[in-house]
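Remarks on the structure that follows.
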Amino acid sequence: MSVITIFGQGNMGQAIGDVFKQGGNTVNYLGHGDPVEALGDIVVLAVPYNAALDIAKQNQAALAGKIVIDITNPLNFDTWDALVVPADSSAAAQIAALLPAAKVIKAFNTTFAATLQSRKVGDQPTTVMAAGDDDDAKQQLASALTDSGVQFVDAGSLKRAREMESFGFLQMTLAASEKIGWTGGFAVEK
């Protein structure tokens, strides 16, 4: 069992917390501006991209040595037509640059809150893909998700976060244009 701290109590923060709780973990929540005192082994940034950057900047010392999960899809929310990070980078890479002593993982950005809550995409189990450079950290995340009702797939190094963010972006724009539902998405069949 792990202790999970989640920044953000919106739809995604609550859905991710529920998944971790079902996996037998302890979950606590912090708001964007809350004082950071006792963080868990795994810290989830379930906030918009700019807020995730602020949290990383303001809490570098507290996040050192922690597994930090970035769930953001860094969309331009004014146009819904582009990602706001450089083409050769990702939100996760930007956060990792701010937190060199943390173990940054990109995860949960290719799922919707509803599919985390239902544990299903259509008839398939919801899959959490994770990209990161620390294999032990990814294994700890996988262990925390055991018995949670979701599948886990190691998507490779943190460089794969860019593709995951593009995938998440595509899924969000399809849902926003009502071509798929917010209760749907893409499934991974093993």
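To be explicit about the labels: the chains of the structure tokens are called A, B, and onward in the order shown, and within each one the residues are counted from 1, while ligands get numbers from 1 in the order they are shown.
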query: Gln58 of chain A: which residues within 12 Å, counting only C-alpha atoms, same-chain residues fewer than 2 positions away excluded, as a ChimeraX atom specification?
result: /A:32-36,51-56,60-64,95,98-99
Export all heavy atoms of the chosen residues as a tab-separated table (two decimals), in the first residue's frame?
```
chain	number	residue	atom	x	y	z
A	32	HIS	N	-4.45	23.70	-4.81
A	32	HIS	CA	-3.32	24.33	-5.48
A	32	HIS	C	-2.49	25.20	-4.52
A	32	HIS	O	-1.28	25.14	-4.51
A	32	HIS	CB	-3.84	25.16	-6.65
A	32	HIS	CG	-2.80	25.91	-7.40
A	32	HIS	ND1	-3.11	26.70	-8.46
A	32	HIS	CD2	-1.46	26.04	-7.27
A	32	HIS	CE1	-2.02	27.26	-8.95
A	32	HIS	NE2	-1.02	26.88	-8.23
A	33	GLY	N	-3.15	25.98	-3.68
A	33	GLY	CA	-2.43	26.88	-2.79
A	33	GLY	C	-2.27	26.39	-1.36
A	33	GLY	O	-1.77	27.13	-0.51
A	34	ASP	N	-2.69	25.16	-1.07
A	34	ASP	CA	-2.59	24.65	0.30
A	34	ASP	C	-1.14	24.50	0.72
A	34	ASP	O	-0.27	24.19	-0.10
A	34	ASP	CB	-3.28	23.28	0.42
A	34	ASP	CG	-4.78	23.38	0.38
A	34	ASP	OD1	-5.32	24.50	0.43
A	34	ASP	OD2	-5.44	22.32	0.26
A	35	PRO	N	-0.87	24.68	2.02
A	35	PRO	CA	0.49	24.44	2.50
A	35	PRO	C	0.87	22.97	2.33
A	35	PRO	O	0.05	22.08	2.56
A	35	PRO	CB	0.44	24.82	3.98
A	35	PRO	CG	-0.98	25.04	4.33
A	35	PRO	CD	-1.78	25.09	3.07
A	36	VAL	N	2.09	22.74	1.89
A	36	VAL	CA	2.57	21.39	1.66
A	36	VAL	C	3.39	20.97	2.87
A	36	VAL	O	4.44	21.54	3.14
A	36	VAL	CB	3.41	21.33	0.36
A	36	VAL	CG1	4.00	19.95	0.17
A	36	VAL	CG2	2.57	21.72	-0.82
A	51	ALA	N	-1.20	25.30	-13.48
A	51	ALA	CA	-1.22	25.07	-12.04
A	51	ALA	C	-0.19	24.01	-11.65
A	51	ALA	O	0.46	24.12	-10.61
A	51	ALA	CB	-2.61	24.67	-11.58
A	52	ALA	N	-0.05	22.97	-12.48
A	52	ALA	CA	0.96	21.94	-12.20
A	52	ALA	C	2.36	22.54	-12.21
A	52	ALA	O	3.19	22.21	-11.36
A	52	ALA	CB	0.84	20.81	-13.22
A	53	LEU	N	2.63	23.43	-13.17
A	53	LEU	CA	3.92	24.11	-13.21
A	53	LEU	C	4.14	24.93	-11.94
A	53	LEU	O	5.23	24.91	-11.35
A	53	LEU	CB	4.02	25.02	-14.43
A	53	LEU	CG	4.14	24.36	-15.80
A	53	LEU	CD1	4.13	25.42	-16.90
A	53	LEU	CD2	5.40	23.50	-15.89
A	54	ASP	N	3.11	25.66	-11.51
A	54	ASP	CA	3.23	26.46	-10.28
A	54	ASP	C	3.51	25.59	-9.07
A	54	ASP	O	4.37	25.92	-8.25
A	54	ASP	CB	1.94	27.26	-10.04
A	54	ASP	CG	1.75	28.42	-11.00
A	54	ASP	OD1	2.73	28.83	-11.66
A	54	ASP	OD2	0.60	28.90	-11.09
A	55	ILE	N	2.80	24.49	-8.95
A	55	ILE	CA	3.02	23.58	-7.82
A	55	ILE	C	4.44	23.05	-7.84
A	55	ILE	O	5.11	23.01	-6.80
A	55	ILE	CB	1.98	22.43	-7.83
A	55	ILE	CG1	0.59	22.97	-7.51
A	55	ILE	CG2	2.38	21.32	-6.86
A	55	ILE	CD1	-0.54	22.01	-7.82
A	56	ALA	N	4.93	22.67	-9.01
A	56	ALA	CA	6.30	22.17	-9.12
A	56	ALA	C	7.31	23.24	-8.73
A	56	ALA	O	8.25	22.97	-7.97
A	56	ALA	CB	6.57	21.67	-10.55
A	60	GLN	N	9.63	22.48	-4.94
A	60	GLN	CA	10.73	21.65	-5.42
A	60	GLN	C	11.35	20.81	-4.29
A	60	GLN	O	11.59	19.62	-4.47
A	60	GLN	CB	11.79	22.52	-6.08
A	60	GLN	CG	11.33	23.07	-7.41
A	60	GLN	CD	12.32	24.05	-8.02
A	60	GLN	OE1	12.97	24.81	-7.32
A	60	GLN	NE2	12.42	24.03	-9.33
A	61	ALA	N	11.59	21.42	-3.15
A	61	ALA	CA	12.22	20.69	-2.04
A	61	ALA	C	11.29	19.60	-1.51
A	61	ALA	O	11.73	18.47	-1.26
A	61	ALA	CB	12.62	21.65	-0.93
A	62	ALA	N	10.01	19.92	-1.34
A	62	ALA	CA	9.06	18.94	-0.80
A	62	ALA	C	8.83	17.77	-1.74
A	62	ALA	O	8.54	16.66	-1.30
A	62	ALA	CB	7.73	19.64	-0.48
A	63	LEU	N	8.97	18.01	-3.05
A	63	LEU	CA	8.72	16.95	-4.04
A	63	LEU	C	9.97	16.14	-4.37
A	63	LEU	O	9.89	15.13	-5.06
A	63	LEU	CB	8.13	17.56	-5.31
A	63	LEU	CG	6.72	18.13	-5.13
A	63	LEU	CD1	6.32	18.95	-6.36
A	63	LEU	CD2	5.71	17.05	-4.85
A	64	ALA	N	11.12	16.55	-3.85
A	64	ALA	CA	12.37	15.80	-4.10
A	64	ALA	C	12.23	14.38	-3.57
A	64	ALA	O	11.76	14.16	-2.46
A	64	ALA	CB	13.55	16.51	-3.44
A	95	ILE	N	7.75	19.68	-16.43
A	95	ILE	CA	7.66	19.48	-14.98
A	95	ILE	C	8.90	18.77	-14.46
A	95	ILE	O	9.45	19.13	-13.43
A	95	ILE	CB	6.35	18.73	-14.64
A	95	ILE	CG1	5.15	19.65	-14.91
A	95	ILE	CG2	6.36	18.22	-13.20
A	95	ILE	CD1	3.81	18.97	-14.90
A	98	LEU	N	11.72	21.06	-13.88
A	98	LEU	CA	11.58	21.84	-12.64
A	98	LEU	C	11.84	20.99	-11.40
A	98	LEU	O	12.12	21.53	-10.33
A	98	LEU	CB	10.17	22.43	-12.55
A	98	LEU	CG	9.81	23.49	-13.57
A	98	LEU	CD1	8.32	23.80	-13.50
A	98	LEU	CD2	10.64	24.75	-13.33
A	99	LEU	N	11.72	19.67	-11.53
A	99	LEU	CA	11.83	18.76	-10.39
A	99	LEU	C	12.90	17.70	-10.66
A	99	LEU	O	12.60	16.50	-10.72
A	99	LEU	CB	10.49	18.08	-10.12
A	99	LEU	CG	9.31	18.98	-9.78
A	99	LEU	CD1	8.02	18.20	-9.71
A	99	LEU	CD2	9.57	19.73	-8.47
```
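Shell of Asp18 of chain A at 9 Å, with only C-alpha atoms counted and residues fewer than 2 places along the chain excluded, is Gly13, Gln14, Ala15, Ile16, Phe20, Lys21, Gln22, Gly23, Val27, Leu116, Gln117 and Ser148 of chain A.
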Any chance you could export the current selection's all heavy atoms as a JSON list (two decimals), in the first residue's frame?
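Final file, selection-v2.json:
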```
[["chain", "number", "residue", "atom", "x", "y", "z"],
["A", 13, "GLY", "N", -9.26, 14.41, -10.23],
["A", 13, "GLY", "CA", -8.65, 14.14, -8.92],
["A", 13, "GLY", "C", -9.47, 13.16, -8.10],
["A", 13, "GLY", "O", -8.93, 12.22, -7.50],
["A", 14, "GLN", "N", -10.78, 13.34, -8.09],
["A", 14, "GLN", "CA", -11.66, 12.44, -7.34],
["A", 14, "GLN", "C", -11.67, 11.03, -7.95],
["A", 14, "GLN", "O", -11.62, 10.04, -7.23],
["A", 14, "GLN", "CB", -13.09, 13.01, -7.29],
["A", 14, "GLN", "CG", -13.21, 14.26, -6.46],
["A", 14, "GLN", "CD", -13.02, 14.01, -4.97],
["A", 14, "GLN", "OE1", -13.40, 12.98, -4.44],
["A", 14, "GLN", "NE2", -12.39, 14.96, -4.31],
["A", 15, "ALA", "N", -11.71, 10.96, -9.28],
["A", 15, "ALA", "CA", -11.73, 9.64, -9.94],
["A", 15, "ALA", "C", -10.42, 8.89, -9.71],
["A", 15, "ALA", "O", -10.42, 7.69, -9.42],
["A", 15, "ALA", "CB", -12.00, 9.80, -11.44],
["A", 16, "ILE", "N", -9.31, 9.59, -9.82],
["A", 16, "ILE", "CA", -8.01, 8.96, -9.57],
["A", 16, "ILE", "C", -7.91, 8.53, -8.11],
["A", 16, "ILE", "O", -7.44, 7.43, -7.82],
["A", 16, "ILE", "CB", -6.87, 9.92, -9.96],
["A", 16, "ILE", "CG1", -6.84, 10.11, -11.48],
["A", 16, "ILE", "CG2", -5.52, 9.41, -9.45],
["A", 16, "ILE", "CD1", -5.98, 11.27, -11.96],
["A", 20, "PHE", "N", -7.21, 4.69, -6.65],
["A", 20, "PHE", "CA", -6.16, 4.34, -5.68],
["A", 20, "PHE", "C", -6.74, 3.76, -4.38],
["A", 20, "PHE", "O", -6.19, 2.82, -3.82],
["A", 20, "PHE", "CB", -5.28, 5.55, -5.36],
["A", 20, "PHE", "CG", -4.21, 5.82, -6.39],
["A", 20, "PHE", "CD1", -4.16, 7.03, -7.04],
["A", 20, "PHE", "CD2", -3.25, 4.86, -6.69],
["A", 20, "PHE", "CE1", -3.16, 7.30, -7.97],
["A", 20, "PHE", "CE2", -2.27, 5.11, -7.62],
["A", 20, "PHE", "CZ", -2.22, 6.34, -8.28],
["A", 21, "LYS", "N", -7.85, 4.32, -3.91],
["A", 21, "LYS", "CA", -8.48, 3.80, -2.69],
["A", 21, "LYS", "C", -8.92, 2.36, -2.89],
["A", 21, "LYS", "O", -8.73, 1.51, -2.02],
["A", 21, "LYS", "CB", -9.69, 4.65, -2.29],
["A", 21, "LYS", "CG", -9.31, 5.98, -1.67],
["A", 21, "LYS", "CD", -10.57, 6.80, -1.37],
["A", 21, "LYS", "CE", -10.22, 8.20, -0.96],
["A", 21, "LYS", "NZ", -11.43, 9.04, -0.82],
["A", 22, "GLN", "N", -9.53, 2.06, -4.06],
["A", 22, "GLN", "CA", -9.96, 0.69, -4.34],
["A", 22, "GLN", "C", -8.76, -0.24, -4.36],
["A", 22, "GLN", "O", -8.88, -1.41, -4.02],
["A", 22, "GLN", "CB", -10.72, 0.60, -5.66],
["A", 22, "GLN", "CG", -11.28, -0.79, -5.89],
["A", 22, "GLN", "CD", -12.17, -0.87, -7.11],
["A", 22, "GLN", "OE1", -12.82, 0.09, -7.49],
["A", 22, "GLN", "NE2", -12.21, -2.05, -7.72],
["A", 23, "GLY", "N", -7.60, 0.28, -4.75],
["A", 23, "GLY", "CA", -6.38, -0.52, -4.74],
["A", 23, "GLY", "C", -5.78, -0.70, -3.35],
["A", 23, "GLY", "O", -4.71, -1.29, -3.21],
["A", 27, "VAL", "N", -5.36, 7.88, 0.55],
["A", 27, "VAL", "CA", -5.37, 9.05, -0.34],
["A", 27, "VAL", "C", -5.70, 10.29, 0.47],
["A", 27, "VAL", "O", -6.62, 10.28, 1.29],
["A", 27, "VAL", "CB", -6.42, 8.87, -1.46],
["A", 27, "VAL", "CG1", -6.52, 10.13, -2.32],
["A", 27, "VAL", "CG2", -6.09, 7.65, -2.32],
["A", 116, "LEU", "N", -12.51, 6.21, -15.62],
["A", 116, "LEU", "CA", -11.83, 5.79, -14.38],
["A", 116, "LEU", "C", -12.87, 5.36, -13.35],
["A", 116, "LEU", "O", -12.69, 4.37, -12.64],
["A", 116, "LEU", "CB", -10.96, 6.91, -13.82],
["A", 116, "LEU", "CG", -9.69, 7.20, -14.60],
["A", 116, "LEU", "CD1", -9.04, 8.48, -14.09],
["A", 116, "LEU", "CD2", -8.71, 6.03, -14.48],
["A", 117, "GLN", "N", -13.99, 6.09, -13.28],
["A", 117, "GLN", "CA", -15.04, 5.75, -12.32],
["A", 117, "GLN", "C", -15.70, 4.43, -12.65],
["A", 117, "GLN", "O", -15.94, 3.60, -11.76],
["A", 117, "GLN", "CB", -16.08, 6.87, -12.26],
["A", 117, "GLN", "CG", -15.54, 8.13, -11.63],
["A", 117, "GLN", "CD", -16.43, 9.33, -11.85],
["A", 117, "GLN", "OE1", -17.23, 9.39, -12.79],
["A", 117, "GLN", "NE2", -16.30, 10.32, -10.98],
["A", 148, "SER", "N", -7.30, -2.32, -8.31],
["A", 148, "SER", "CA", -8.07, -1.07, -8.42],
["A", 148, "SER", "C", -9.16, -1.15, -9.48],
["A", 148, "SER", "O", -9.99, -0.26, -9.57],
["A", 148, "SER", "CB", -7.13, 0.08, -8.78],
["A", 148, "SER", "OG", -6.62, -0.09, -10.08]]
```
message: Need the shell around Leu145 of chain A: protein/DNA/RNA residues with any atom at most 10 Å away, counting only C-alpha atoms. Skip same-chain ones fewer than 3 positions apart. Format as a PyMOL selection string?
response: chain A and resi 1-2+19-25+128+139-142+148-152
Output file for the residues above (all heavy atoms, as a tab-separated table (two decimals), in the first residue's frame):
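Wrote it out as again.tsv, contents follow:
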```tsv
chain	number	residue	atom	x	y	z
A	1	MET	N	0.84	-1.19	0.00
A	1	MET	CA	0.00	0.00	0.00
A	1	MET	C	0.88	1.24	0.00
A	1	MET	O	1.93	1.27	0.62
A	1	MET	CB	-0.90	0.02	1.22
A	1	MET	CG	-1.99	-1.02	1.20
A	1	MET	SD	-3.31	-0.72	2.39
A	1	MET	CE	-2.42	-0.51	3.91
A	2	SER	N	0.39	2.25	-0.70
A	2	SER	CA	1.09	3.53	-0.78
A	2	SER	C	0.22	4.63	-0.20
A	2	SER	O	-1.00	4.50	-0.11
A	2	SER	CB	1.42	3.88	-2.23
A	2	SER	OG	2.34	2.98	-2.77
A	19	VAL	N	-9.78	5.33	-7.61
A	19	VAL	CA	-9.05	4.18	-8.15
A	19	VAL	C	-7.97	3.74	-7.15
A	19	VAL	O	-7.83	2.55	-6.86
A	19	VAL	CB	-8.43	4.53	-9.53
A	19	VAL	CG1	-7.41	3.48	-9.96
A	19	VAL	CG2	-9.52	4.66	-10.58
A	20	PHE	N	-7.21	4.69	-6.65
A	20	PHE	CA	-6.16	4.34	-5.68
A	20	PHE	C	-6.74	3.76	-4.38
A	20	PHE	O	-6.19	2.82	-3.82
A	20	PHE	CB	-5.28	5.55	-5.36
A	20	PHE	CG	-4.21	5.82	-6.39
A	20	PHE	CD1	-4.16	7.03	-7.04
A	20	PHE	CD2	-3.25	4.86	-6.69
A	20	PHE	CE1	-3.16	7.30	-7.97
A	20	PHE	CE2	-2.27	5.11	-7.62
A	20	PHE	CZ	-2.22	6.34	-8.28
A	21	LYS	N	-7.85	4.32	-3.91
A	21	LYS	CA	-8.48	3.80	-2.69
A	21	LYS	C	-8.92	2.36	-2.89
A	21	LYS	O	-8.73	1.51	-2.02
A	21	LYS	CB	-9.69	4.65	-2.29
A	21	LYS	CG	-9.31	5.98	-1.67
A	21	LYS	CD	-10.57	6.80	-1.37
A	21	LYS	CE	-10.22	8.20	-0.96
A	21	LYS	NZ	-11.43	9.04	-0.82
A	22	GLN	N	-9.53	2.06	-4.06
A	22	GLN	CA	-9.96	0.69	-4.34
A	22	GLN	C	-8.76	-0.24	-4.36
A	22	GLN	O	-8.88	-1.41	-4.02
A	22	GLN	CB	-10.72	0.60	-5.66
A	22	GLN	CG	-11.28	-0.79	-5.89
A	22	GLN	CD	-12.17	-0.87	-7.11
A	22	GLN	OE1	-12.82	0.09	-7.49
A	22	GLN	NE2	-12.21	-2.05	-7.72
A	23	GLY	N	-7.60	0.28	-4.75
A	23	GLY	CA	-6.38	-0.52	-4.74
A	23	GLY	C	-5.78	-0.70	-3.35
A	23	GLY	O	-4.71	-1.29	-3.21
A	24	GLY	N	-6.46	-0.17	-2.32
A	24	GLY	CA	-6.01	-0.35	-0.93
A	24	GLY	C	-5.05	0.70	-0.43
A	24	GLY	O	-4.42	0.52	0.62
A	25	ASN	N	-4.93	1.81	-1.13
A	25	ASN	CA	-4.00	2.87	-0.75
A	25	ASN	C	-4.70	3.94	0.09
A	25	ASN	O	-5.92	4.07	0.06
A	25	ASN	CB	-3.42	3.52	-2.01
A	25	ASN	CG	-2.76	2.50	-2.90
A	25	ASN	OD1	-1.66	2.04	-2.65
A	25	ASN	ND2	-3.45	2.11	-3.98
A	128	VAL	N	-4.57	2.50	-17.71
A	128	VAL	CA	-3.72	3.63	-17.35
A	128	VAL	C	-2.36	3.36	-17.96
A	128	VAL	O	-1.68	2.40	-17.60
A	128	VAL	CB	-3.62	3.79	-15.82
A	128	VAL	CG1	-2.61	4.88	-15.46
A	128	VAL	CG2	-4.98	4.09	-15.22
A	139	GLN	N	6.96	0.84	-11.42
A	139	GLN	CA	6.53	-0.39	-10.77
A	139	GLN	C	5.75	-0.09	-9.49
A	139	GLN	O	4.77	-0.76	-9.18
A	139	GLN	CB	7.72	-1.30	-10.46
A	139	GLN	CG	7.31	-2.64	-9.89
A	139	GLN	CD	6.28	-3.38	-10.74
A	139	GLN	OE1	6.46	-3.58	-11.92
A	139	GLN	NE2	5.18	-3.80	-10.13
A	140	GLN	N	6.17	0.94	-8.75
A	140	GLN	CA	5.42	1.32	-7.55
A	140	GLN	C	4.03	1.82	-7.92
A	140	GLN	O	3.06	1.51	-7.24
A	140	GLN	CB	6.18	2.38	-6.75
A	140	GLN	CG	5.56	2.65	-5.39
A	140	GLN	CD	6.41	3.52	-4.49
A	140	GLN	OE1	7.61	3.69	-4.71
A	140	GLN	NE2	5.79	4.07	-3.46
A	141	LEU	N	3.93	2.58	-9.00
A	141	LEU	CA	2.62	3.02	-9.48
A	141	LEU	C	1.77	1.81	-9.87
A	141	LEU	O	0.61	1.70	-9.49
A	141	LEU	CB	2.76	3.99	-10.65
A	141	LEU	CG	1.47	4.38	-11.37
A	141	LEU	CD1	0.48	5.04	-10.41
A	141	LEU	CD2	1.79	5.29	-12.56
A	142	ALA	N	2.36	0.89	-10.63
A	142	ALA	CA	1.63	-0.32	-11.03
A	142	ALA	C	1.14	-1.09	-9.81
A	142	ALA	O	-0.01	-1.55	-9.76
A	142	ALA	CB	2.51	-1.20	-11.91
A	148	SER	N	-7.30	-2.32	-8.31
A	148	SER	CA	-8.07	-1.07	-8.42
A	148	SER	C	-9.16	-1.15	-9.48
A	148	SER	O	-9.99	-0.26	-9.57
A	148	SER	CB	-7.13	0.08	-8.78
A	148	SER	OG	-6.62	-0.09	-10.08
A	149	GLY	N	-9.13	-2.19	-10.30
A	149	GLY	CA	-10.11	-2.33	-11.36
A	149	GLY	C	-9.68	-1.75	-12.70
A	149	GLY	O	-10.42	-1.82	-13.67
A	150	VAL	N	-8.47	-1.17	-12.76
A	150	VAL	CA	-7.94	-0.67	-14.03
A	150	VAL	C	-6.71	-1.48	-14.40
A	150	VAL	O	-6.05	-2.06	-13.55
A	150	VAL	CB	-7.59	0.84	-13.99
A	150	VAL	CG1	-8.82	1.67	-13.66
A	150	VAL	CG2	-6.46	1.14	-13.02
A	151	GLN	N	-6.40	-1.50	-15.71
A	151	GLN	CA	-5.18	-2.13	-16.19
A	151	GLN	C	-4.05	-1.09	-16.18
A	151	GLN	O	-4.30	0.10	-16.25
A	151	GLN	CB	-5.35	-2.62	-17.63
A	151	GLN	CG	-6.33	-3.72	-17.81
A	151	GLN	CD	-6.33	-4.19	-19.25
A	151	GLN	OE1	-6.08	-5.35	-19.50
A	151	GLN	NE2	-6.60	-3.32	-20.20
A	152	PHE	N	-2.83	-1.58	-16.16
A	152	PHE	CA	-1.65	-0.71	-16.22
A	152	PHE	C	-0.79	-1.14	-17.39
A	152	PHE	O	-0.57	-2.33	-17.59
A	152	PHE	CB	-0.84	-0.84	-14.92
A	152	PHE	CG	0.43	-0.04	-14.93
A	152	PHE	CD1	0.43	1.29	-14.56
A	152	PHE	CD2	1.63	-0.62	-15.33
A	152	PHE	CE1	1.61	2.03	-14.58
A	152	PHE	CE2	2.81	0.10	-15.35
A	152	PHE	CZ	2.80	1.44	-14.97
```
query: Separation of atom CA of Asn28 of chain A and atom CA of Ala107 of chain A, in Å?
result: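 These two atoms are separated by 18.4 Å.
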Hey, which bits of segment 101-127 of chain A sit within 12 Å of segment 73-89 of chain A, and for each residue what's the closest pair of atoms and how far apart in Å (one decimal), counting only C-alpha atoms, rows by chain and increasing number, as a Markdown table?
```
| residue | atom | partner | partner_atom | distance |
| --- | --- | --- | --- | --- |
| A:Lys106 | CA | A:Asn73 | CA | 10.0 |
| A:Ala107 | CA | A:Asn73 | CA | 10.3 |
| A:Phe108 | CA | A:Asn73 | CA | 9.8 |
| A:Asn109 | CA | A:Asn73 | CA | 6.3 |
| A:Thr110 | CA | A:Asn73 | CA | 8.6 |
| A:Thr111 | CA | A:Asn73 | CA | 10.8 |
| A:Phe112 | CA | A:Asn73 | CA | 11.5 |
```
message: Counting only C-alpha atoms, which residue out of A:Gly185, A:Asp134, A:Thr115, A:Asn50 sits closest to Leu170 of chain A?
response: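 For Leu170 of chain A, the nearest of the candidates is A:Gly185.
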- request: Pick out each residue of segment 39-187 of chain A that DSSP on the backbone tags as strand (DSSP E or B); I need them as a PyMOL selection string.
  value: chain A and resi 42-45+67-70+75+83+103-107+120-121+124-125+127-132+151-156
Write the selection just made, keeping N, CA, C and O atoms, as a CSV table (one decimal), in the first residue's frame?
```csv
chain,number,residue,atom,x,y,z
A,42,ILE,N,3.5,8.9,-3.4
A,42,ILE,CA,3.1,9.2,-4.8
A,42,ILE,C,2.3,10.5,-4.7
A,42,ILE,O,1.4,10.6,-4.0
A,43,VAL,N,2.7,11.5,-5.6
A,43,VAL,CA,2.0,12.8,-5.6
A,43,VAL,C,1.4,13.0,-7.0
A,43,VAL,O,2.2,12.9,-8.0
A,44,VAL,N,0.1,13.2,-7.1
A,44,VAL,CA,-0.5,13.3,-8.4
A,44,VAL,C,-0.9,14.8,-8.6
A,44,VAL,O,-1.6,15.4,-7.7
A,45,LEU,N,-0.5,15.4,-9.7
A,45,LEU,CA,-0.8,16.7,-10.1
A,45,LEU,C,-2.1,16.7,-11.0
A,45,LEU,O,-2.0,16.6,-12.2
A,67,ILE,N,7.5,10.3,-6.2
A,67,ILE,CA,7.0,10.0,-7.5
A,67,ILE,C,5.9,11.0,-7.8
A,67,ILE,O,5.0,11.1,-7.0
A,68,VAL,N,6.1,11.8,-8.8
A,68,VAL,CA,5.2,12.9,-9.2
A,68,VAL,C,4.5,12.5,-10.5
A,68,VAL,O,5.2,12.3,-11.5
A,69,ILE,N,3.2,12.4,-10.4
A,69,ILE,CA,2.5,12.0,-11.6
A,69,ILE,C,1.8,13.2,-12.2
A,69,ILE,O,1.0,13.9,-11.6
A,70,ASP,N,2.2,13.5,-13.5
A,70,ASP,CA,1.6,14.6,-14.3
A,70,ASP,C,0.4,14.0,-15.1
A,70,ASP,O,0.7,13.1,-15.9
A,75,LEU,N,-3.4,21.6,-23.4
A,75,LEU,CA,-4.1,22.2,-24.5
A,75,LEU,C,-4.1,23.7,-24.5
A,75,LEU,O,-4.1,24.3,-23.4
A,83,LEU,N,-1.4,22.0,-28.8
A,83,LEU,CA,-0.8,21.9,-27.4
A,83,LEU,C,0.1,23.1,-27.2
A,83,LEU,O,0.7,23.7,-28.2
A,103,LYS,N,10.8,11.8,-9.3
A,103,LYS,CA,10.6,10.8,-10.3
A,103,LYS,C,9.3,11.1,-11.0
A,103,LYS,O,8.3,10.7,-10.6
A,104,VAL,N,9.4,11.8,-12.1
A,104,VAL,CA,8.2,12.2,-12.8
A,104,VAL,C,7.7,11.2,-13.8
A,104,VAL,O,8.5,10.6,-14.6
A,105,ILE,N,6.4,10.9,-13.7
A,105,ILE,CA,5.7,10.0,-14.6
A,105,ILE,C,4.5,10.6,-15.2
A,105,ILE,O,3.8,11.4,-14.5
A,106,LYS,N,4.3,10.4,-16.5
A,106,LYS,CA,3.1,10.8,-17.2
A,106,LYS,C,2.1,9.7,-17.1
A,106,LYS,O,2.4,8.6,-17.5
A,107,ALA,N,0.9,9.9,-16.6
A,107,ALA,CA,-0.1,8.9,-16.5
A,107,ALA,C,-1.5,9.6,-16.3
A,107,ALA,O,-1.6,10.7,-16.0
A,120,LYS,N,-14.3,1.1,-17.1
A,120,LYS,CA,-14.6,0.5,-18.4
A,120,LYS,C,-14.5,1.6,-19.5
A,120,LYS,O,-14.9,2.7,-19.3
A,121,VAL,N,-14.0,1.2,-20.7
A,121,VAL,CA,-14.2,1.9,-21.9
A,121,VAL,C,-14.9,1.0,-22.9
A,121,VAL,O,-14.3,0.0,-23.3
A,124,GLN,N,-14.3,-2.9,-22.6
A,124,GLN,CA,-12.9,-3.1,-22.2
A,124,GLN,C,-12.6,-2.5,-20.9
A,124,GLN,O,-13.1,-1.4,-20.5
A,125,PRO,N,-11.7,-3.0,-20.1
A,125,PRO,CA,-11.2,-2.4,-18.9
A,125,PRO,C,-10.5,-1.1,-19.2
A,125,PRO,O,-9.8,-1.0,-20.2
A,127,THR,N,-7.6,1.4,-19.1
A,127,THR,CA,-6.1,1.2,-19.1
A,127,THR,C,-5.4,2.5,-18.7
A,127,THR,O,-5.7,3.6,-19.4
A,128,VAL,N,-4.6,2.5,-17.7
A,128,VAL,CA,-3.7,3.6,-17.4
A,128,VAL,C,-2.4,3.4,-18.0
A,128,VAL,O,-1.7,2.4,-17.6
A,129,MET,N,-2.0,4.2,-18.9
A,129,MET,CA,-0.6,4.1,-19.5
A,129,MET,C,0.3,5.1,-18.7
A,129,MET,O,-0.1,6.1,-18.3
A,130,ALA,N,1.5,4.7,-18.6
A,130,ALA,CA,2.5,5.5,-17.8
A,130,ALA,C,3.8,5.5,-18.5
A,130,ALA,O,4.3,4.5,-19.0
A,131,ALA,N,4.4,6.7,-18.6
A,131,ALA,CA,5.7,6.9,-19.2
A,131,ALA,C,6.6,7.6,-18.2
A,131,ALA,O,6.2,8.6,-17.5
A,132,GLY,N,7.8,7.1,-18.1
A,132,GLY,CA,8.8,7.7,-17.1
A,132,GLY,C,10.1,7.0,-17.2
A,132,GLY,O,10.2,5.9,-17.8
A,151,GLN,N,-6.4,-1.5,-15.7
A,151,GLN,CA,-5.2,-2.1,-16.2
A,151,GLN,C,-4.1,-1.1,-16.2
A,151,GLN,O,-4.3,0.1,-16.3
A,152,PHE,N,-2.8,-1.6,-16.2
A,152,PHE,CA,-1.7,-0.7,-16.2
A,152,PHE,C,-0.8,-1.1,-17.4
A,152,PHE,O,-0.6,-2.3,-17.6
A,153,VAL,N,-0.3,-0.2,-18.2
A,153,VAL,CA,0.6,-0.4,-19.3
A,153,VAL,C,1.8,0.5,-19.1
A,153,VAL,O,1.6,1.7,-19.1
A,154,ASP,N,3.0,0.0,-19.1
A,154,ASP,CA,4.2,0.8,-19.1
A,154,ASP,C,4.4,1.2,-20.6
A,154,ASP,O,4.7,0.4,-21.5
A,155,ALA,N,4.3,2.5,-20.8
A,155,ALA,CA,4.4,3.1,-22.2
A,155,ALA,C,5.8,3.5,-22.5
A,155,ALA,O,6.1,4.0,-23.6
A,156,GLY,N,6.8,3.2,-21.6
A,156,GLY,CA,8.2,3.5,-22.0
A,156,GLY,C,8.7,4.7,-21.2
A,156,GLY,O,8.3,5.1,-20.2
```
task: Write out as JSON, numbers by chain all residues of segment 61-182 of chain A that DSSP puts in helix (DSSP H, G or I) for this structure's backbone.
output: {"A": [61, 62, 63, 91, 92, 93, 94, 95, 96, 97, 98, 113, 114, 115, 116, 117, 118, 135, 136, 137, 138, 139, 140, 141, 142, 143, 144, 145, 158, 159, 160, 161, 162, 163, 164, 165, 166, 167, 168, 169, 170, 171, 172, 173, 174, 175, 176]}
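Candidate residues A:Ala38, A:Val47, A:Ala92, A:Ala176 were compared for distance to Arg162 of chain A, and the nearest is A:Ala92, using only C-alpha atoms.
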